[in-house]
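S.K.: So here's work14.txt, just compact mmCIF, C-alpha atoms:
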```txt
# COMPACT_ATOMS: atom_id res chain seq x y z
CA MET A 1297 0.00 0.00 0.00
CA ARG A 1298 2.72 2.41 1.04
CA THR A 1299 4.75 1.64 -2.07
CA LYS A 1300 1.71 2.33 -4.24
CA VAL A 1301 1.16 5.69 -2.56
CA ILE A 1302 4.81 6.56 -3.11
CA TYR A 1303 4.59 5.69 -6.82
CA ALA A 1304 1.28 7.48 -7.28
CA LEU A 1305 2.54 10.65 -5.62
CA SER A 1306 5.79 10.59 -7.61
CA ILE A 1307 3.91 10.27 -10.90
CA PHE A 1308 1.54 13.05 -9.88
CA ALA A 1309 4.47 15.30 -8.95
CA ALA A 1310 6.30 14.60 -12.20
CA LEU A 1311 3.27 15.22 -14.42
CA MET A 1312 2.27 18.34 -12.51
CA LEU A 1313 5.78 19.71 -12.67
CA VAL A 1314 6.00 19.20 -16.44
CA ARG A 1315 2.65 20.90 -16.92
CA ASN A 1316 3.69 23.78 -14.62
CA LEU A 1317 7.03 24.24 -16.36
CA TYR A 1318 5.18 24.54 -19.65
CA VAL A 1319 2.84 27.23 -18.27
CA ILE A 1320 5.60 29.07 -16.41
CA PHE A 1321 7.94 29.34 -19.38
CA LEU A 1322 5.51 29.52 -22.31
CA GLY A 1323 2.18 30.58 -20.85
CA LEU A 1324 2.97 33.42 -18.46
CA PRO A 1325 4.42 36.72 -19.73
CA ASP A 1326 7.60 38.36 -18.40
CA GLU A 1327 7.18 40.57 -15.37
CA LYS A 1328 6.98 44.33 -16.01
CA ASP A 1329 10.08 45.38 -14.03
CA GLN A 1330 12.07 42.20 -13.52
CA GLY A 1331 11.82 40.51 -16.89
CA ALA A 1332 12.26 36.78 -17.19
CA ILE A 1333 14.08 36.17 -13.91
CA TYR A 1334 10.91 36.68 -11.82
CA ARG A 1335 9.90 33.13 -12.79
CA ILE A 1336 12.23 31.81 -10.13
CA ILE A 1337 9.62 32.87 -7.57
CA PHE A 1338 7.54 29.85 -8.65
CA PHE A 1339 10.29 27.66 -7.23
CA HIS A 1340 11.67 29.92 -4.54
CA VAL A 1341 8.48 30.54 -2.55
CA PRO A 1342 7.01 27.01 -2.87
CA SER A 1343 10.27 25.46 -1.70
CA TRP A 1344 10.18 27.70 1.38
CA PHE A 1345 6.55 26.76 1.94
CA THR A 1346 7.54 23.12 1.66
CA SER A 1347 10.43 23.47 4.06
CA PHE A 1348 8.24 25.29 6.58
CA ALA A 1349 5.60 22.60 6.21
CA MET A 1350 8.28 19.95 6.83
CA PHE A 1351 9.57 21.74 9.91
CA ILE A 1352 6.05 22.09 11.28
CA VAL A 1353 5.50 18.37 10.73
CA SER A 1354 8.86 17.65 12.32
CA GLY A 1355 8.12 19.90 15.30
CA VAL A 1356 4.70 18.33 15.87
CA ALA A 1357 6.16 14.83 15.49
CA SER A 1358 8.87 15.61 18.05
CA GLY A 1359 6.27 17.04 20.40
CA LEU A 1360 4.18 13.90 20.01
CA TYR A 1361 7.25 11.76 20.62
CA LEU A 1362 7.94 13.58 23.88
CA TRP A 1363 4.32 13.16 24.86
CA LYS A 1364 3.61 9.57 23.82
CA GLY A 1365 7.07 8.11 23.25
CA ARG A 1366 6.24 6.30 19.99
CA GLN A 1367 9.24 5.52 17.80
CA ARG A 1368 7.29 6.25 14.63
CA ASN A 1369 7.02 9.91 15.58
CA ASP A 1370 10.77 10.08 15.92
CA GLU A 1371 11.16 8.51 12.48
CA LEU A 1372 8.75 11.08 11.06
CA ALA A 1373 10.62 13.93 12.78
CA VAL A 1374 14.01 13.02 11.37
CA ALA A 1375 12.63 12.29 7.89
CA ALA A 1376 10.75 15.60 7.74
CA THR A 1377 13.74 17.54 9.05
CA GLU A 1378 16.08 16.07 6.47
CA VAL A 1379 13.71 16.84 3.61
CA GLY A 1380 13.00 20.30 5.05
CA THR A 1381 16.73 21.05 5.21
CA VAL A 1382 17.09 20.16 1.54
CA PHE A 1383 14.23 22.48 0.60
CA VAL A 1384 15.78 25.28 2.65
CA ALA A 1385 18.93 24.81 0.58
CA ILE A 1386 16.84 25.03 -2.60
CA GLY A 1387 15.12 28.15 -1.26
CA LEU A 1388 18.44 29.77 -0.41
CA ALA A 1389 19.97 28.86 -3.77
CA THR A 1390 17.05 30.10 -5.86
CA GLY A 1391 16.90 33.29 -3.78
CA MET A 1392 20.61 33.87 -4.36
CA ILE A 1393 20.27 33.43 -8.12
CA TRP A 1394 17.42 35.93 -8.15
CA ALA A 1395 19.40 38.36 -5.98
CA ARG A 1396 22.41 38.18 -8.29
CA ILE A 1397 20.27 39.40 -11.20
CA ILE A 1398 18.08 41.94 -9.42
CA TRP A 1399 20.33 43.27 -6.64
CA GLY A 1400 23.63 42.54 -8.36
CA ILE A 1401 24.89 40.57 -5.35
CA TRP A 1402 24.52 36.97 -4.28
CA TRP A 1403 23.90 37.67 -0.65
CA THR A 1404 23.04 40.49 1.70
CA TRP A 1405 22.87 40.33 5.48
CA ASP A 1406 19.31 41.45 5.94
CA ALA A 1407 17.05 39.98 8.58
CA ARG A 1408 15.15 37.55 6.36
CA LEU A 1409 18.20 36.09 4.68
CA THR A 1410 20.14 35.88 7.91
CA TRP A 1411 17.32 34.11 9.74
CA ALA A 1412 16.89 31.70 6.87
CA LEU A 1413 20.55 30.79 7.07
CA ILE A 1414 20.37 30.45 10.86
CA THR A 1415 17.38 28.12 10.49
CA TRP A 1416 19.34 25.98 8.09
CA LEU A 1417 22.32 25.85 10.44
CA ILE A 1418 20.14 24.95 13.42
CA TYR A 1419 18.49 22.07 11.60
CA ALA A 1420 21.86 20.91 10.31
CA GLY A 1421 22.84 20.90 14.00
CA TYR A 1422 19.82 18.73 14.72
CA LEU A 1423 20.93 16.21 12.14
CA MET A 1424 24.49 16.21 13.48
CA LEU A 1425 23.27 15.85 17.05
CA ARG A 1426 21.49 12.66 16.01
CA ARG A 1427 24.72 11.27 14.62
CA GLY A 1428 26.47 11.95 17.91
CA ILE A 1429 24.15 9.78 20.03
CA ASP A 1430 24.40 6.00 19.77
CA ASP A 1431 21.55 4.85 21.98
CA PRO A 1432 18.35 5.01 19.85
CA THR A 1433 16.03 5.99 22.71
CA ALA A 1434 18.33 8.71 23.99
CA ARG A 1435 18.80 9.90 20.42
CA ALA A 1436 15.07 10.19 19.86
CA ARG A 1437 14.49 11.92 23.20
CA LEU A 1438 17.32 14.45 23.07
CA SER A 1439 16.83 15.37 19.44
CA ALA A 1440 13.10 15.85 20.06
CA VAL A 1441 13.94 18.35 22.81
CA PHE A 1442 16.38 20.11 20.52
CA ASN A 1443 13.74 20.25 17.81
CA MET A 1444 11.40 22.16 20.11
CA PHE A 1445 14.04 24.87 20.43
CA ALA A 1446 14.84 24.78 16.74
CA PHE A 1447 11.27 25.54 15.78
CA THR A 1448 11.42 29.04 17.27
CA SER A 1449 13.84 30.02 14.52
CA VAL A 1450 11.32 28.94 11.88
CA MET A 1451 8.76 31.24 13.47
CA ILE A 1452 11.19 34.17 13.45
CA THR A 1453 12.17 33.54 9.81
CA TYR A 1454 8.53 33.51 8.80
CA LYS A 1455 7.81 36.78 10.58
CA ALA A 1456 11.08 38.54 9.70
CA ILE A 1457 9.76 40.35 6.63
CA GLU A 1458 6.99 41.87 8.76
CA TRP A 1459 9.10 42.77 11.80
CA TRP A 1460 12.04 44.37 10.04
CA ARG A 1461 12.33 46.53 6.98
CA THR A 1462 14.34 44.09 4.92
CA GLN A 1463 15.96 44.18 1.53
CA HIS A 1464 14.14 40.95 0.89
CA PRO A 1465 10.77 41.84 -0.71
CA ALA A 1466 7.95 42.45 1.75
CA PRO A 1467 4.97 40.06 1.64
CA VAL A 1468 3.36 39.98 -1.83
CA LEU A 1469 0.93 37.11 -1.33
CA THR A 1470 -2.71 37.66 -0.46
CA ILE A 1471 -2.48 35.12 2.38
CA ARG A 1472 0.08 37.40 4.05
CA GLY A 1473 -2.26 40.40 3.81
CA ALA A 1474 -0.75 42.05 0.73
CA ASP A 1475 -3.72 42.56 -1.56
CA GLY A 1476 -3.32 43.07 -5.29
CA LEU A 1477 0.49 43.27 -5.32
CA MET A 1478 0.78 40.19 -7.45
CA ASP A 1479 -1.15 39.23 -10.54
CA PRO A 1480 -3.80 36.64 -9.51
CA LEU A 1481 -2.75 34.35 -12.35
CA MET A 1482 0.87 34.40 -11.19
CA GLU A 1483 -0.12 33.91 -7.56
CA ARG A 1484 -2.26 30.93 -8.54
CA MET A 1485 0.68 29.46 -10.46
CA LEU A 1486 2.78 29.76 -7.34
CA TYR A 1487 0.37 27.62 -5.32
CA LEU A 1488 -0.04 25.23 -8.23
CA ASN A 1489 3.69 24.71 -8.29
CA TRP A 1490 3.70 24.15 -4.55
CA LEU A 1491 1.59 21.00 -5.04
CA PRO A 1492 4.22 18.91 -6.90
CA MET A 1493 6.94 20.12 -4.52
CA LEU A 1494 4.87 19.11 -1.53
CA ALA A 1495 4.11 15.76 -3.17
CA LEU A 1496 7.81 15.24 -3.80
CA ALA A 1497 8.58 16.11 -0.19
CA VAL A 1498 5.96 13.67 1.08
CA VAL A 1499 7.42 10.93 -1.14
CA LEU A 1500 10.91 11.61 0.18
CA VAL A 1501 9.67 11.62 3.77
CA MET A 1502 7.90 8.30 3.29
CA ILE A 1503 10.98 6.68 1.76
CA ARG A 1504 13.21 8.09 4.48
CA MET A 1505 10.84 6.93 7.21
CA ARG A 1506 10.83 3.41 5.86
CA GLN A 1507 14.61 3.46 5.76
CA GLU A 1508 14.78 4.73 9.33
CA GLY A 1509 12.43 2.00 10.50
CA GLU A 1510 14.46 -0.68 8.75
CA GLN A 1511 17.65 0.68 10.23
CA ARG A 1512 16.16 0.45 13.68
CA GLU A 1513 15.13 -3.11 13.05
CA ILE A 1514 18.62 -4.03 11.85
CA GLU A 1515 20.13 -2.40 14.92
CA SER A 1516 17.90 -4.34 17.29
CA LEU A 1517 18.58 -7.59 15.43
CA ARG A 1518 22.29 -6.94 15.69
CA ARG A 1519 21.96 -6.30 19.40
CA MET A 1520 20.02 -9.50 19.78
CA ALA A 1521 22.71 -11.42 17.88
CA HIS A 1522 25.36 -9.96 20.17
CA ALA A 1523 23.35 -10.92 23.25
CA LEU A 1524 23.17 -14.52 22.04
CA MET B 498 10.04 25.38 48.68
CA PHE B 499 10.78 25.36 44.95
CA LEU B 500 12.70 28.63 45.21
CA ARG B 501 14.69 27.25 48.16
CA GLN B 502 15.71 24.26 46.03
CA VAL B 503 16.69 26.54 43.16
CA TRP B 504 18.75 28.61 45.53
CA THR B 505 20.44 25.56 47.08
CA VAL B 506 21.56 24.27 43.68
CA CYS B 507 22.66 27.74 42.62
CA ALA B 508 24.60 28.33 45.84
CA LYS B 509 26.25 24.92 45.55
CA ASP B 510 27.40 25.66 42.01
CA LEU B 511 28.63 29.13 42.88
CA ARG B 512 30.47 27.89 45.96
CA SER B 513 32.27 25.13 44.12
CA GLU B 514 33.10 27.53 41.32
CA LEU B 515 34.40 30.25 43.62
CA ARG B 516 36.60 27.73 45.42
CA THR B 517 38.28 26.47 42.27
CA LYS B 518 37.59 29.42 39.97
CA GLU B 519 38.38 27.15 37.05
CA ALA B 520 35.58 28.29 34.70
CA LEU B 521 35.65 31.91 35.86
CA ASN B 522 39.38 32.45 35.41
CA SER B 523 39.63 30.69 32.09
CA SER B 524 36.60 32.38 30.58
CA LEU B 525 37.70 35.83 31.77
CA ALA B 526 41.18 35.30 30.37
CA PHE B 527 39.66 33.97 27.17
CA ALA B 528 37.34 36.95 26.78
CA LEU B 529 40.25 39.36 27.24
CA THR B 530 42.34 37.42 24.74
CA ILE B 531 39.58 37.69 22.16
CA LEU B 532 39.30 41.42 22.77
CA LEU B 533 43.04 41.63 22.19
CA LEU B 534 42.80 39.56 19.01
CA PHE B 535 40.15 41.88 17.63
CA SER B 536 42.61 44.75 17.78
CA PHE B 537 44.70 43.01 15.11
CA ALA B 538 41.71 42.48 12.86
CA PHE B 539 41.15 46.21 12.33
CA ASP B 540 42.42 49.59 13.41
CA PRO B 541 41.41 49.95 17.07
CA GLY B 542 41.55 53.74 16.96
CA ALA B 543 39.21 54.16 14.03
CA ASP B 544 35.89 55.96 14.27
CA GLN B 545 33.97 52.98 12.95
CA ILE B 546 34.79 51.19 16.18
CA GLN B 547 31.58 52.48 17.73
CA GLU B 548 29.54 50.99 14.94
CA ILE B 549 30.90 47.50 15.57
CA SER B 550 31.55 47.75 19.30
CA GLY B 551 28.40 45.83 20.24
CA GLY B 552 29.30 43.01 17.91
CA LEU B 553 32.86 42.74 19.20
CA LEU B 554 31.83 42.82 22.81
CA TRP B 555 29.11 40.22 22.46
CA MET B 556 31.27 37.92 20.38
CA SER B 557 33.78 37.76 23.17
CA TYR B 558 30.96 37.29 25.70
CA ALA B 559 29.52 34.45 23.65
CA PHE B 560 32.86 32.66 23.37
CA ALA B 561 33.64 33.16 27.03
CA GLY B 562 30.12 32.16 28.00
CA ALA B 563 30.40 28.85 26.16
CA LEU B 564 33.31 27.94 28.43
CA ILE B 565 31.24 28.57 31.54
CA LEU B 566 28.20 26.78 30.13
CA ASN B 567 30.25 23.82 29.01
CA ARG B 568 31.26 23.31 32.64
CA SER B 569 27.74 23.71 34.00
CA PHE B 570 26.76 20.06 33.76
CA ALA B 571 30.12 18.60 32.81
CA ARG B 572 31.48 19.41 36.28
CA GLU B 573 28.95 16.97 37.76
CA LEU B 574 30.30 14.06 35.76
CA PHE B 575 33.14 13.32 38.18
CA ASN B 576 32.21 10.94 40.99
CA ASP B 577 28.77 10.50 39.37
CA CYS B 578 27.52 13.72 40.96
CA LEU B 579 25.02 14.16 38.15
CA ASP B 580 23.28 10.89 39.01
CA ALA B 581 23.19 11.90 42.66
CA LEU B 582 21.61 15.23 41.72
CA ILE B 583 19.02 13.54 39.54
CA PHE B 584 18.17 11.04 42.29
CA SER B 585 17.87 13.78 44.89
CA PRO B 586 14.33 14.97 45.72
CA VAL B 587 14.94 18.19 43.77
CA PRO B 588 12.70 18.46 40.68
CA GLY B 589 14.45 18.78 37.32
CA ALA B 590 13.15 22.30 36.81
CA ALA B 591 14.66 23.48 40.10
CA LEU B 592 17.95 21.81 39.27
CA PHE B 593 17.97 23.49 35.88
CA LEU B 594 17.02 26.94 37.16
CA GLY B 595 19.62 26.73 39.93
CA LYS B 596 22.35 25.80 37.50
CA ALA B 597 21.22 28.42 34.99
CA LEU B 598 21.19 31.07 37.71
CA ALA B 599 24.72 30.16 38.81
CA SER B 600 26.04 30.31 35.24
CA PHE B 601 24.16 33.57 34.75
CA VAL B 602 25.90 35.15 37.75
CA LEU B 603 29.30 33.93 36.55
CA LEU B 604 28.69 35.17 33.02
CA LEU B 605 27.56 38.54 34.36
CA ILE B 606 30.75 38.81 36.41
CA VAL B 607 32.87 38.14 33.32
CA GLU B 608 30.85 40.61 31.26
CA LEU B 609 31.01 43.37 33.83
CA ALA B 610 34.77 42.86 34.13
CA CYS B 611 35.23 43.02 30.36
CA LEU B 612 33.06 46.08 29.75
CA PRO B 613 35.40 48.72 31.27
CA VAL B 614 38.44 46.99 29.77
CA PHE B 615 36.82 47.16 26.37
CA GLY B 616 35.85 50.80 26.96
CA ILE B 617 39.42 51.72 27.83
CA PHE B 618 41.18 49.77 25.08
CA TYR B 619 38.84 50.75 22.29
CA ASN B 620 37.90 54.22 23.51
CA VAL B 621 34.14 53.83 23.54
CA ALA B 622 31.65 55.40 25.93
CA TRP B 623 30.59 52.42 28.00
CA ALA B 624 29.68 54.31 31.17
CA ASP B 625 27.00 56.50 29.57
CA ARG B 626 23.52 55.06 29.99
CA PHE B 627 24.92 52.39 32.23
CA GLY B 628 21.43 51.43 33.39
CA TRP B 629 20.47 50.57 29.82
CA HIS B 630 23.72 48.65 29.36
CA LEU B 631 22.90 46.64 32.44
CA PHE B 632 19.36 46.06 31.18
CA VAL B 633 20.64 44.64 27.88
CA LEU B 634 23.34 42.64 29.65
CA VAL B 635 20.88 41.01 32.02
CA LEU B 636 18.27 40.17 29.37
CA ALA B 637 20.71 38.86 26.77
CA SER B 638 22.87 36.97 29.26
CA TRP B 639 19.82 35.24 30.63
CA GLY B 640 18.86 34.21 27.11
CA LEU B 641 22.35 32.85 26.49
CA THR B 642 22.50 31.01 29.81
CA VAL B 643 19.09 29.39 29.48
CA VAL B 644 19.88 27.95 26.05
CA GLY B 645 23.42 27.17 27.11
CA THR B 646 22.50 25.37 30.32
CA MET B 647 19.81 23.42 28.54
CA PHE B 648 22.18 22.31 25.79
CA SER B 649 24.85 21.60 28.36
CA ALA B 650 22.41 19.14 29.93
CA LEU B 651 21.50 17.83 26.49
CA THR B 652 25.07 17.06 25.47
CA VAL B 653 26.54 16.08 28.84
CA ASN B 654 26.56 12.35 28.11
CA LEU B 655 27.68 12.62 24.50
CA ARG B 656 30.92 11.24 23.17
CA MET B 657 31.84 14.45 21.39
CA ARG B 658 30.49 16.83 24.02
CA GLU B 659 33.12 19.53 23.58
CA LEU B 660 32.55 19.58 19.83
CA MET B 661 28.80 19.25 19.88
CA LEU B 662 27.93 21.96 22.37
CA PRO B 663 29.36 24.99 20.49
CA MET B 664 27.96 23.69 17.21
CA LEU B 665 24.44 23.47 18.63
CA LEU B 666 24.74 26.44 20.91
CA TYR B 667 25.93 29.28 18.70
CA PRO B 668 23.19 29.13 16.05
CA MET B 669 20.59 28.94 18.80
CA MET B 670 22.18 31.86 20.66
CA ILE B 671 21.94 34.10 17.60
CA PRO B 672 18.50 35.62 18.31
CA ALA B 673 19.62 36.85 21.73
CA LEU B 674 23.11 37.67 20.50
CA MET B 675 21.88 39.62 17.50
CA SER B 676 19.53 41.77 19.60
CA ALA B 677 22.21 42.35 22.20
CA MET B 678 24.79 43.33 19.59
CA HIS B 679 22.41 45.78 17.98
CA LEU B 680 21.28 47.38 21.23
CA THR B 681 24.81 47.61 22.64
CA THR B 682 26.04 49.25 19.45
CA VAL B 683 23.22 51.78 19.70
CA LEU B 684 24.13 52.52 23.32
CA MET B 685 27.87 52.70 22.64
CA SER B 686 27.38 55.26 19.90
CA GLY B 687 25.63 57.46 22.44
CA GLN B 688 22.05 57.09 21.23
CA ALA B 689 19.00 56.29 23.29
CA ILE B 690 16.92 53.18 22.74
CA GLY B 691 13.62 54.04 21.10
CA GLY B 692 11.68 53.95 17.88
CA ASP B 693 12.99 51.23 15.60
CA HIS B 694 15.15 49.71 18.30
CA TRP B 695 12.20 48.50 20.36
CA ILE B 696 11.74 45.49 18.10
CA TRP B 697 15.09 44.22 19.37
CA VAL B 698 14.14 44.72 23.00
CA ARG B 699 10.87 42.92 22.37
CA LEU B 700 12.67 40.10 20.57
CA LEU B 701 15.09 39.77 23.47
CA ILE B 702 12.30 39.58 26.05
CA GLY B 703 10.31 37.19 23.87
CA ILE B 704 13.31 34.90 23.39
CA ASP B 705 13.98 34.89 27.14
CA ILE B 706 10.41 33.94 27.96
CA ILE B 707 10.06 31.29 25.24
CA PHE B 708 13.40 29.63 25.91
CA THR B 709 12.95 29.66 29.69
CA ALA B 710 9.49 28.13 29.39
CA LEU B 711 10.70 25.47 26.94
CA ALA B 712 13.72 24.62 29.03
CA VAL B 713 11.80 24.36 32.31
CA ALA B 714 9.16 22.20 30.66
CA LEU B 715 11.59 19.86 28.91
CA VAL B 716 14.57 19.57 31.25
CA GLU B 717 13.00 16.67 33.15
CA VAL B 718 12.84 14.68 29.88
CA VAL B 719 16.47 15.44 29.13
CA LEU B 720 17.83 14.49 32.54
CA VAL B 721 15.62 11.60 33.56
CA GLY B 722 14.17 10.33 30.28
```
Now, as a test, write the supplied structure out as structure tokens.
M.R.:
Amino acid sequence: MRTKVIYALSIFAALMLVRNLYVIFLGLPDEKDQGAIYRIIFFHVPSWFTSFAMFIVSGVASGLYLWKGRQRNDELAVAATEVGTVFVAIGLATGMIWARIIWGIWWTWDARLTWALITWLIYAGYLMLRRGIDDPTARARLSAVFNMFAFTSVMITYKAIEWWRTQHPAPVLTIRGADGLMDPLMERMLYLNWLPMLALAVVLVMIRMRQEGEQREIESLRRMAHAL
Amino acid sequence: MFLRQVWTVCAKDLRSELRTKEALNSSLAFALTILLLFSFAFDPGADQIQEISGGLLWMSYAFAGALILNRSFARELFNDCLDALIFSPVPGAALFLGKALASFVLLLIVELACLPVFGIFYNVAWADRFGWHLFVLVLASWGLTVVGTMFSALTVNLRMRELMLPMLLYPMMIPALMSAMHLTTVLMSGQAIGGDHWIWVRLLIGIDIIFTALAVALVEVVLVG
């Protein structure tokens, strides 16, 4: 069943992405001020949405683990964090490419960019912390606690463009209260492109979770073999 | 009762620290060394010094603080003191707050000793608006100590404790550190805190409250499991 879901979601993501790429490059016109480069927003913003979604899932899973102590929640937390970290890297990279064209520089130390980088570093720390702990139960417990702290940085990153006057563009989406700043067709495309990314993320999380579960099983079998 | 337990743990930590002075001396010497090293990185007499003074000062505080925080739980490893503390009838939250408070006092001592030294060596006005300086120091140091003590507890049993703690700690310290750097720079350049700067004060207070609440709620899980 799980394998079928993984295949179905992958095919959906691939088809949707091809269709979206066609519309993005051939259907939608260039932006008035930015020209062709604005199209990167259809990948930049959805990958940030995806990474935030992953971190929320990971935070909730870690919270549930601390509450109930089920191993599956720990597996979900680590899988979601790994995928989220990858999407943060995509978000940072696409943002940098855009900045190089529009601002003329790859990077600037404004609040949004800085917080995004901090978030990435913190979650990389989470993944490294897991590698440093051998005992599976202690690993799950301690990394879940760390994850609770890590989530605050996601909140700050999300709010940074409202709290500070940043060089990063202020909110343009209607869901963030900016009405009419973006063409409705373009905004719709942005959400439409979020779907395949989210599907891809879910696929990756499912594969990673299975792997994590199998690894745990192998570890316990090995311990059993040693005990005998 | 709870406050008495917090105080007992805090007093114990402070007493053992003041008898050996191992963390205090090394972190103070380390902070001063960093301040010295900064003077090679740029011209210490330049006018721009005021614009980066907050950053310099807090960088050295953060590095020095990590030394103190690293010791916070690690000092209990000898003779299995940590197990004894966990088995004692003191709740985890009291143990944590006591240890955090002790580290906070030590960090504050180091910071207050470094501030005039920095002012003299780099010719910045540290004594103006001293009340505000103290306000920023207390808020930011508490933020640093809460995260630091928590992560000290988190990493105490790890193989690579000395490596892991700074790697986890510094990114997490950044919210408090960033606000403190900004506010201190504002103060050092002789301005008052107001208008746009309030966001940083609010962030600092928010961070303190969130991190303290999280730490107090979760420390039991970390220590006992």
S.K.: Go through chain B residue by residue and, counting all atoms listed in the file, keep those with an atom at most 8 Å from chain A; for each kept residue give the shortest atom pair and its distance in Å to one decimal, ordered by chain and increasing number, as JSON lines.
M.R.:
```
{"residue": "B:Leu651", "atom": "CA", "partner": "A:Leu1438", "partner_atom": "CA", "distance": 6.4}
{"residue": "B:Leu655", "atom": "CA", "partner": "A:Ile1429", "partner_atom": "CA", "distance": 6.4}
{"residue": "B:Arg656", "atom": "CA", "partner": "A:Gly1428", "partner_atom": "CA", "distance": 6.9}
{"residue": "B:Met657", "atom": "CA", "partner": "A:Gly1428", "partner_atom": "CA", "distance": 6.9}
{"residue": "B:Met661", "atom": "CA", "partner": "A:Leu1425", "partner_atom": "CA", "distance": 7.1}
{"residue": "B:Met664", "atom": "CA", "partner": "A:Gly1421", "partner_atom": "CA", "distance": 6.7}
{"residue": "B:Leu665", "atom": "CA", "partner": "A:Gly1421", "partner_atom": "CA", "distance": 5.5}
{"residue": "B:Pro668", "atom": "CA", "partner": "A:Ile1418", "partner_atom": "CA", "distance": 5.8}
{"residue": "B:Met669", "atom": "CA", "partner": "A:Ile1418", "partner_atom": "CA", "distance": 6.7}
{"residue": "B:Ile671", "atom": "CA", "partner": "A:Ile1414", "partner_atom": "CA", "distance": 7.8}
{"residue": "B:Ile696", "atom": "CA", "partner": "A:Trp1459", "partner_atom": "CA", "distance": 7.4}
{"residue": "B:Phe708", "atom": "CA", "partner": "A:Phe1445", "partner_atom": "CA", "distance": 7.3}
{"residue": "B:Leu711", "atom": "CA", "partner": "A:Phe1445", "partner_atom": "CA", "distance": 7.3}
{"residue": "B:Leu715", "atom": "CA", "partner": "A:Val1441", "partner_atom": "CA", "distance": 6.7}
{"residue": "B:Val718", "atom": "CA", "partner": "A:Arg1437", "partner_atom": "CA", "distance": 7.4}
{"residue": "B:Val719", "atom": "CA", "partner": "A:Leu1438", "partner_atom": "CA", "distance": 6.2}
{"residue": "B:Gly722", "atom": "CA", "partner": "A:Arg1437", "partner_atom": "CA", "distance": 7.3}
```
S.K.: Counting all atoms listed in the file, which residues have an atom no more than 6 Å from (6.0, 24.7, -5.2) in the file's coordinates? Please list them as number ranges by chain.
M.R.: A: 1339, 1342-1343, 1489-1491, 1493
S.K.: Could you jot down the atom CA of Asp1406 of chain A to atom CA of Gln1463 of chain A separation for me, Å, one decimal place?
M.R.: 6.2 Å
S.K.: Using all atoms listed in the file, which protein or nucleic acid residues come within 7 Å of Ser649 of chain B? Drop anything in the same chain fewer than 6 positions from it, and give the result as a list in words.
M.R.: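 What passes the distance filter is Leu566, Asn567, Ser569, Phe570 and Leu662 of chain B.
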S.K.: Residues at most 12 Å from Arg1484 of chain A, counting all atoms listed in the file, excluding those fewer than 4 positions away in the same chain, as a compact mmCIF listing (two decimals) with C-alpha atoms, in the coordinates of the input?
M.R.:
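Wrote it out as out08.txt, contents follow:
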```txt
# COMPACT_ATOMS: atom_id res chain seq x y z
CA ASN A 1316 3.69 23.78 -14.62
CA VAL A 1319 2.84 27.23 -18.27
CA ILE A 1320 5.60 29.07 -16.41
CA LEU A 1324 2.97 33.42 -18.46
CA PHE A 1338 7.54 29.85 -8.65
CA PRO A 1342 7.01 27.01 -2.87
CA LEU A 1469 0.93 37.11 -1.33
CA THR A 1470 -2.71 37.66 -0.46
CA ILE A 1471 -2.48 35.12 2.38
CA MET A 1478 0.78 40.19 -7.45
CA ASP A 1479 -1.15 39.23 -10.54
CA PRO A 1480 -3.80 36.64 -9.51
CA LEU A 1488 -0.04 25.23 -8.23
CA ASN A 1489 3.69 24.71 -8.29
CA TRP A 1490 3.70 24.15 -4.55
CA LEU A 1491 1.59 21.00 -5.04
```
S.K.: Which residue is closest to Ala1357 of chain A? Choose from A:Asp1326, A:Met1520, A:Phe1308, A:Ala1436 and count only C-alpha atoms.
M.R.: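 Using only C-alpha atoms, Ala1357 of chain A sits closest to A:Ala1436.
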S.K.: If we count all atoms listed in the file and set the cut-off at 9 Å, which residues sit around segment 502-514 of chain B, ignoring sequence neighbours fewer than 6 positions away in its own chain? Please answer as a list of chain:residue names.
M.R.: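 In the requested format, the answer is B:Ala520, B:Leu521, B:Ser569, B:Val587, B:Pro588, B:Ala590, B:Ala591, B:Leu592, B:Phe593, B:Leu594, B:Gly595, B:Lys596, B:Ala597, B:Leu598, B:Ala599, B:Ser600, B:Val602, B:Leu603.
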S.K.: Name the residues in contact with Thr530 of chain B at a cut-off of 12 Å, using all atoms listed in the file, excluding same-chain residues fewer than 2 positions from it; report them as number ranges by chain.
M.R.: B: 523-528, 532-537, 554, 556-558, 560-561, 611, 614-615
S.K.: Could you check which of B:Val633, B:Pro541, B:Thr652, B:Pro663 is closest to Trp695 of chain B, using all atoms listed in the file?
M.R.: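 Of the candidates, the smallest distance to Trp695 of chain B is held by B:Val633.
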S.K.: Between atom CA of Val716 of chain B and atom CA of Arg568 of chain B, what is the distance, to one decimal in Å?
M.R.: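 That distance, rounded to one decimal, is 17.2 Å.
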S.K.: Which residue gives the smallest distance to Glu1515 of chain A among A:Trp1363, A:Pro1432, A:Ile1393, A:Ala1310, with only C-alpha atoms counted?
M.R.: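 With only C-alpha atoms as the atom set, the closest residue is A:Pro1432.
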S.K.: Please check which residues have atoms at most 6 Å from (17.1, 48.4, 21.4) in the file's coordinates, counting only C-alpha atoms, and write them as a ChimeraX atom specification.
M.R.: /B:680,690,694-695,697-698
S.K.: Nearest residue to Thr709 of chain B out of B:Ala559, B:Val721, B:Met685, B:Val644, using all atoms listed in the file?
M.R.: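 Comparing B:Ala559, B:Val721, B:Met685, B:Val644 against Thr709 of chain B, the winner is B:Val644.
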S.K.: To one decimal place, how far is atom CA of Asp577 of chain B from atom CA of Trp639 of chain B in Å?
M.R.: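 Pair atom CA of Asp577 of chain B / atom CA of Trp639 of chain B returns 27.7 Å.
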S.K.: Using all atoms listed in the file, can you tell me which of A:Ile1302, A:Leu1322, A:Arg1512, A:Leu1317 comes closest to Leu1486 of chain A?
M.R.: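 Of A:Ile1302, A:Leu1322, A:Arg1512, A:Leu1317, the one nearest Leu1486 of chain A is A:Leu1317, counting all atoms listed in the file.
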